[in-house]
Structures are given as C-alpha cells and as structure tokens.
Amino acid sequence: MTGFVLAGLQYEPVLRDPAANIATSSRLVREAAAAGARLVVLPEAASAGYMFTDRADARRNAEPVPGGPVGDAWAALAAELDLWIVGGITELAVEEGREKVYNAAALFGPDGHVGTFRKAHLWNFEKRLYDRQEDGFPVFRTPLGNIGVGICYDAWFPETFRSAALGGADLLALPSNWVPVPGQPEDAPAMANLMCMTAAHSNQFYVAGISRTGAERDQPFIGRSVIVGPDGWPLAGPAAGEGEAVLLAEVDLIGTREARHGNPFNQPLGDRRTDVYRSGDFTPEPARPDGDPA
C-alpha cells in the first residue's frame with residue numbers, strides 16, 4: 001500500500017515571533033498527525049511572518065536551515081510523529097563567504113532535514129529583501145513519493161510546475177501567502193486555486209497550495225488553501241478565507257503513477273512538442289509616447 005493522508009495547515013503566522021509560530025504550527029501538525037497525516041504542508045514564511053520592512057528586518061528574523069529554532073522544532077516533530085513536513089522559512093545562508101537571505105521552504109522527515117527550496121520568482125517588495133536562488137527546481141525523493149516544491153508567486157509561472165514534473169515529481173507542495181487579486185469577481189474561484197488546478201491537470205501530478213490568513217502591516221491574506229488531484233479537481237478545500245483549517249486528502253503518489261502517465265487521451269508530458277516551442281528571454285517593449293501609433 002502506497003496511499004497516505006496529505007495535510008495542509010492554514011493559519012496565521014505571527015510577524016517576528018518564531019516562538020508563537022512554533023507553538024501554533026506544532027499544535028496543528030499534531031492535530032493532522034492524529035488524523036493520520038504522513039505529509040504536512042505549512043504556509044509560506046511560517047517561521048517568522050512575511051511583511052518585513054527591509055532586508056535588515058528580514059535578516060534579523062532569518063535562521064539557518066538546518067540549525068535554526070523553527071526548522072529544528074519541525075524536524076523534531078517529524079521524527080517524533082514519523083511524518084514529513086514542508087514549511088516556509090526565512091533562511092539565513094552563507095555561500096562563498098557571503099551572507100544571504102532567502103524566502104525558502106524546507107522539507108523535514110523522520111530522519112531530519114531532507115532539502116530546501118528557495119523561492120525562484122520574487123514578488124514585488126521581496127526583490128529588496130531576498131537573494132535570488134540559482135538552484136532551479138529540485139525534486140526530493142522520499143518513501144512517500146517524489147516531492148517538488150514551489151512558493152506562492154512561483155505558481156504564476158508554468159515553468160515551476162513543468163520543471164518539477166519533468167524532474168519526476170508526483171506532488172508540488174506550494175507553501176503560499178496568497179493576497180487579493182485586483183478585479184477578482186466575488187463569485188469566481190480564487191486565481192491561485194485556478195492556477196493550482198490547471199497546473200495539476202496539465203502536469204499530471206498532485207498540488208498542495210497551502211496559504212495563510214489574517215493580515216500583517218495592512219496586507220490581508222486570503223486563505224483559500226487547496227489540495228488538488230492529478231486530474232485537476234480539488235481533493236480538499238478550498239478552505240475559507242479566514243481562520244484556521246486542517247485540510248486532509250487521501251493521496252497515492254507512487255501507486256497512481258502508471259495511470260497518471262498512461263492516460264491514452266491526455267498525456268501533456270509525453271505529447272510535448274519541444275521542437276516547435278519558442279525559446280529565449282522576453283523583454284517588454286518600452287512604453288510609447290502619447291500619440292505614437294501602436
């Protein structure tokens with residue numbers, strides 16, 4: 001048997017308060033474990049919050065991975081409860097003698113730290129706070145299946161999902177801090193939910209987009225966490241826009257591989273046409289002066 005329970009924990013991390021975040025995340029991880037969860041996904045920036053004022057503020061709230069208080073607490077939980085945890089961490093790293101700060105998500109298992117993904121696409125003010133990663137989209141092999149990771153805004157780039165799928169991922173874990181999208185109709189699904197559903201379908205794998213609620217420094221977050229199956233339909237959620245939620249879904253990352261990749265009608269990975277796809281970097285054209293013809 002290769003099936004198991006996947007959990008997504010939606011809640012409100014506290015800005016600049018790792019101790020409070022350890023307490024809340026630990027309580028909810030234990031609740032998920034009691035419900036049978038073997039893999040738990042937490043929101044983005046769950047270690048110390050998100051809306052830092054500047055890079056120095058982010059640096060003060062960053063921690064090494066492994067070796068930091070929040071990451072080590074999650075590692076201890078994973079060992080105690082015999083499960084895996086993916087959680088968003090503000091990471092402090094030293095590379096070639098230079099200190100760097102990343103918006104990251106780390107995977108911990110029963111035997112400790114498995115690996116870390118650093119956000120590839122920095123959104124808005126994040127460009128002033130964090131360093132850019134150059135590691136690509138690693139896929140972590142575990143007994144549960146192959147786990148890829150993205151973070152929030154990474155979902156706005158189809159290359160995130162496709163890179164993980166081509167790397168053999170069975171699941172894309174997506175810790176997120178989703179914010180309101182301008183112009184979103186009240187009766188339409190959240191844009192982030194649509195992206196998770198479309199990406200799951202077009203890459204034939206599971207997607208766990210787990211967001212937060214509440215607000216920091218006047219920035220609201222919309223919750224709406226969702227776990228999506230490889231057919232593109234939600235298995236759990238979307239959660240509400242407020243409050244805590246423990247999403248639980250029965251998944252089978254390994255046991256569904258043959259069916260996912262052997263669909264005779266729909267093989268978006270096998271039917272790719274790399275010979276006709278355009279390559280190169282897109283550069284936006286400069287704005288035209290008023291009155292110039294289009």
# chains A, B, ... in the order shown; residues from 1 in each chain; ligands from 1
>>> select_by_dssp(residues="range 71-245 of chain A", states="helix (DSSP H, G or I)", output="ChimeraX atom specification")
/A:71-81,126-129,152-156,158-166,191-203
>>> write_last_selection(atoms="C-alpha atoms", output="mmCIF file, in the first residue's frame")
data_model
loop_
_atom_site.group_PDB
_atom_site.id
_atom_site.type_symbol
_atom_site.label_atom_id
_atom_site.label_comp_id
_atom_site.auth_asym_id
_atom_site.auth_seq_id
_atom_site.Cartn_x
_atom_site.Cartn_y
_atom_site.Cartn_z
ATOM 1 C CA GLY A 71 13.336 24.341 11.471
ATOM 2 C CA ASP A 72 14.744 22.253 14.288
ATOM 3 C CA ALA A 73 11.353 22.235 16.026
ATOM 4 C CA TRP A 74 9.728 20.954 12.826
ATOM 5 C CA ALA A 75 12.478 18.359 12.407
ATOM 6 C CA ALA A 76 11.879 17.135 15.956
ATOM 7 C CA LEU A 77 8.147 16.895 15.283
ATOM 8 C CA ALA A 78 8.747 14.947 12.081
ATOM 9 C CA ALA A 79 10.957 12.480 13.948
ATOM 10 C CA GLU A 80 8.577 12.119 16.884
ATOM 11 C CA LEU A 81 5.436 11.693 14.745
ATOM 12 C CA GLU A 126 10.582 40.729 -1.998
ATOM 13 C CA LYS A 127 13.201 41.802 -4.524
ATOM 14 C CA ARG A 128 14.526 44.242 -1.919
ATOM 15 C CA LEU A 129 14.563 41.688 0.876
ATOM 16 C CA CYS A 152 3.415 31.277 -3.740
ATOM 17 C CA TYR A 153 4.302 33.562 -6.706
ATOM 18 C CA ASP A 154 6.182 30.664 -8.305
ATOM 19 C CA ALA A 155 2.706 29.355 -9.225
ATOM 20 C CA TRP A 156 2.256 32.281 -11.638
ATOM 21 C CA PRO A 158 4.046 27.438 -15.570
ATOM 22 C CA GLU A 159 7.749 26.610 -15.721
ATOM 23 C CA THR A 160 7.644 25.966 -11.956
ATOM 24 C CA PHE A 161 5.214 23.083 -12.290
ATOM 25 C CA ARG A 162 6.623 21.765 -15.541
ATOM 26 C CA SER A 163 10.206 21.784 -14.221
ATOM 27 C CA ALA A 164 9.121 19.751 -11.201
ATOM 28 C CA ALA A 165 7.089 17.362 -13.352
ATOM 29 C CA LEU A 166 9.985 16.793 -15.741
ATOM 30 C CA MET A 191 -6.994 32.949 -9.068
ATOM 31 C CA ALA A 192 -4.467 30.895 -7.087
ATOM 32 C CA ASN A 193 -6.929 27.997 -6.864
ATOM 33 C CA LEU A 194 -7.404 28.068 -10.634
ATOM 34 C CA MET A 195 -3.650 28.004 -11.169
ATOM 35 C CA CYS A 196 -3.204 25.028 -8.844
ATOM 36 C CA MET A 197 -5.996 23.136 -10.570
ATOM 37 C CA THR A 198 -4.760 23.867 -14.082
ATOM 38 C CA ALA A 199 -1.154 23.013 -13.209
ATOM 39 C CA ALA A 200 -2.147 19.727 -11.565
ATOM 40 C CA HIS A 201 -4.125 18.714 -14.647
ATOM 41 C CA SER A 202 -1.527 19.779 -17.210
ATOM 42 C CA ASN A 203 1.349 18.124 -15.346
#
>>> select_by_dssp(residues="range 12-172 of chain A", states="strand (DSSP E or B)", output="ChimeraX atom specification")
/A:37-41,63,84-95,98-109,112-118,139-142,145-149,171-172
>>> closest_residue(among="A:Tyr206, A:Tyr11, A:Trp84, A:Tyr277", to="Ala245 in chain A", atoms="only C-alpha atoms")
A:Tyr11
>>> closest_residue(among="A:Gly49, A:Pro220, A:Pro230, A:Pro110", to="Ala259 in chain A", atoms="only C-alpha atoms")
A:Pro230
>>> residues_around(residues="range 94-108 of chain A", least_positions_apart="3", cutoff="6 Å", atoms="only C-alpha atoms", output="JSON list (two decimals) with C-alpha atoms, in the first residue's frame")
[["chain", "number", "residue", "atom", "x", "y", "z"],
["A", 75, "ALA", "CA", 12.48, 18.36, 12.41],
["A", 84, "TRP", "CA", 7.23, 14.70, 6.69],
["A", 85, "ILE", "CA", 6.79, 18.47, 6.95],
["A", 86, "VAL", "CA", 7.16, 21.16, 4.27],
["A", 87, "GLY", "CA", 7.19, 24.64, 5.77],
["A", 88, "GLY", "CA", 8.10, 28.17, 4.73],
["A", 89, "ILE", "CA", 11.21, 29.57, 6.44],
["A", 90, "THR", "CA", 13.10, 32.84, 6.17],
["A", 91, "GLU", "CA", 16.52, 31.30, 5.62],
["A", 112, "GLY", "CA", 15.89, 15.05, 9.71],
["A", 113, "HIS", "CA", 16.35, 17.73, 7.06],
["A", 114, "VAL", "CA", 15.74, 16.38, 3.56],
["A", 115, "GLY", "CA", 16.24, 19.51, 1.47],
["A", 116, "THR", "CA", 15.44, 23.18, 0.95],
["A", 117, "PHE", "CA", 13.84, 25.06, -1.93],
["A", 118, "ARG", "CA", 14.41, 28.78, -2.31],
["A", 119, "LYS", "CA", 11.73, 30.89, -3.96],
["A", 130, "TYR", "CA", 15.87, 38.43, -0.52],
["A", 131, "ASP", "CA", 18.61, 36.98, -2.64]]
>>> closest_residue(among="A:Pro264, A:Pro286, A:Pro13, A:Gly232", to="Leu42 in chain A", atoms="only C-alpha atoms")
A:Pro13
>>> closest_residue(among="A:Thr2, A:Ser225, A:Thr53, A:Asn61", to="Pro18 in chain A", atoms="only C-alpha atoms")
A:Asn61
>>> residues_around(residues="Gly36 in chain A", least_positions_apart="3", cutoff="8 Å", atoms="only C-alpha atoms", output="ChimeraX atom specification")
/A:4-5,32-33
>>> atom_distance(atom1="CA of Trp178 in chain A", atom2="CA of Gln204 in chain A")
23.4 Å
>>> atom_distance(atom1="CA of Val251 in chain A", atom2="CA of Ala46 in chain A")
24.1 Å
>>> closest_residue(among="A:Arg141, A:Arg60, A:His121, A:Arg273", to="Leu171 in chain A", atoms="only C-alpha atoms")
A:Arg141
>>> residues_around(residues="Ser176 in chain A", least_positions_apart="5", cutoff="7 Å", atoms="only C-alpha atoms", output="compact mmCIF listing (two decimals) with all heavy atoms, in the first residue's frame")
# COMPACT_ATOMS: atom_id res chain seq x y z
N PRO A 43 2.14 27.05 5.49
CA PRO A 43 2.20 28.22 4.61
C PRO A 43 3.62 28.73 4.35
O PRO A 43 4.59 28.29 4.97
CB PRO A 43 1.38 29.28 5.38
CG PRO A 43 0.56 28.52 6.36
CD PRO A 43 1.40 27.32 6.73
N GLU A 44 3.70 29.68 3.44
CA GLU A 44 4.93 30.43 3.18
C GLU A 44 5.27 31.27 4.41
O GLU A 44 4.39 31.73 5.14
CB GLU A 44 4.71 31.34 1.97
CG GLU A 44 5.86 32.28 1.63
CD GLU A 44 5.52 33.23 0.48
OE1 GLU A 44 4.32 33.32 0.12
OE2 GLU A 44 6.44 33.88 -0.02
N ILE A 151 6.94 28.15 -4.15
CA ILE A 151 6.46 29.06 -3.11
C ILE A 151 5.61 30.15 -3.75
O ILE A 151 6.12 30.93 -4.57
CB ILE A 151 7.62 29.69 -2.31
CG1 ILE A 151 8.48 28.62 -1.63
CG2 ILE A 151 7.09 30.67 -1.27
CD1 ILE A 151 9.72 29.18 -0.92
N CYS A 152 4.35 30.19 -3.43
CA CYS A 152 3.42 31.28 -3.74
C CYS A 152 3.52 31.80 -5.17
O CYS A 152 3.00 31.19 -6.10
CB CYS A 152 3.59 32.40 -2.72
SG CYS A 152 2.20 33.55 -2.65
N GLY A 209 -1.55 23.62 -2.52
CA GLY A 209 -1.35 25.06 -2.36
C GLY A 209 -1.91 25.48 -1.01
O GLY A 209 -3.12 25.59 -0.83
N ILE A 210 -1.01 25.72 -0.05
CA ILE A 210 -1.43 25.97 1.32
C ILE A 210 -1.04 27.39 1.72
O ILE A 210 0.14 27.74 1.81
CB ILE A 210 -0.80 24.95 2.29
CG1 ILE A 210 -1.06 23.53 1.79
CG2 ILE A 210 -1.34 25.17 3.69
CD1 ILE A 210 -2.53 23.19 1.58
N SER A 211 -2.06 28.20 1.97
CA SER A 211 -1.87 29.62 2.22
C SER A 211 -2.17 29.97 3.68
O SER A 211 -2.52 29.10 4.48
CB SER A 211 -2.78 30.43 1.27
OG SER A 211 -2.53 31.81 1.38
N ARG A 212 -2.07 31.23 3.99
CA ARG A 212 -2.30 31.73 5.34
C ARG A 212 -3.51 32.67 5.35
O ARG A 212 -4.03 33.05 4.31
CB ARG A 212 -1.08 32.45 5.88
CG ARG A 212 -0.70 33.70 5.09
CD ARG A 212 0.22 34.62 5.88
NE ARG A 212 -0.52 35.27 6.97
CZ ARG A 212 0.07 36.00 7.92
NH1 ARG A 212 1.37 36.18 7.92
NH2 ARG A 212 -0.67 36.56 8.87
>>> closest_residue(among="A:Asp82, A:Asp218, A:Asp275, A:Asp135", to="Met51 in chain A", atoms="only C-alpha atoms")
A:Asp218
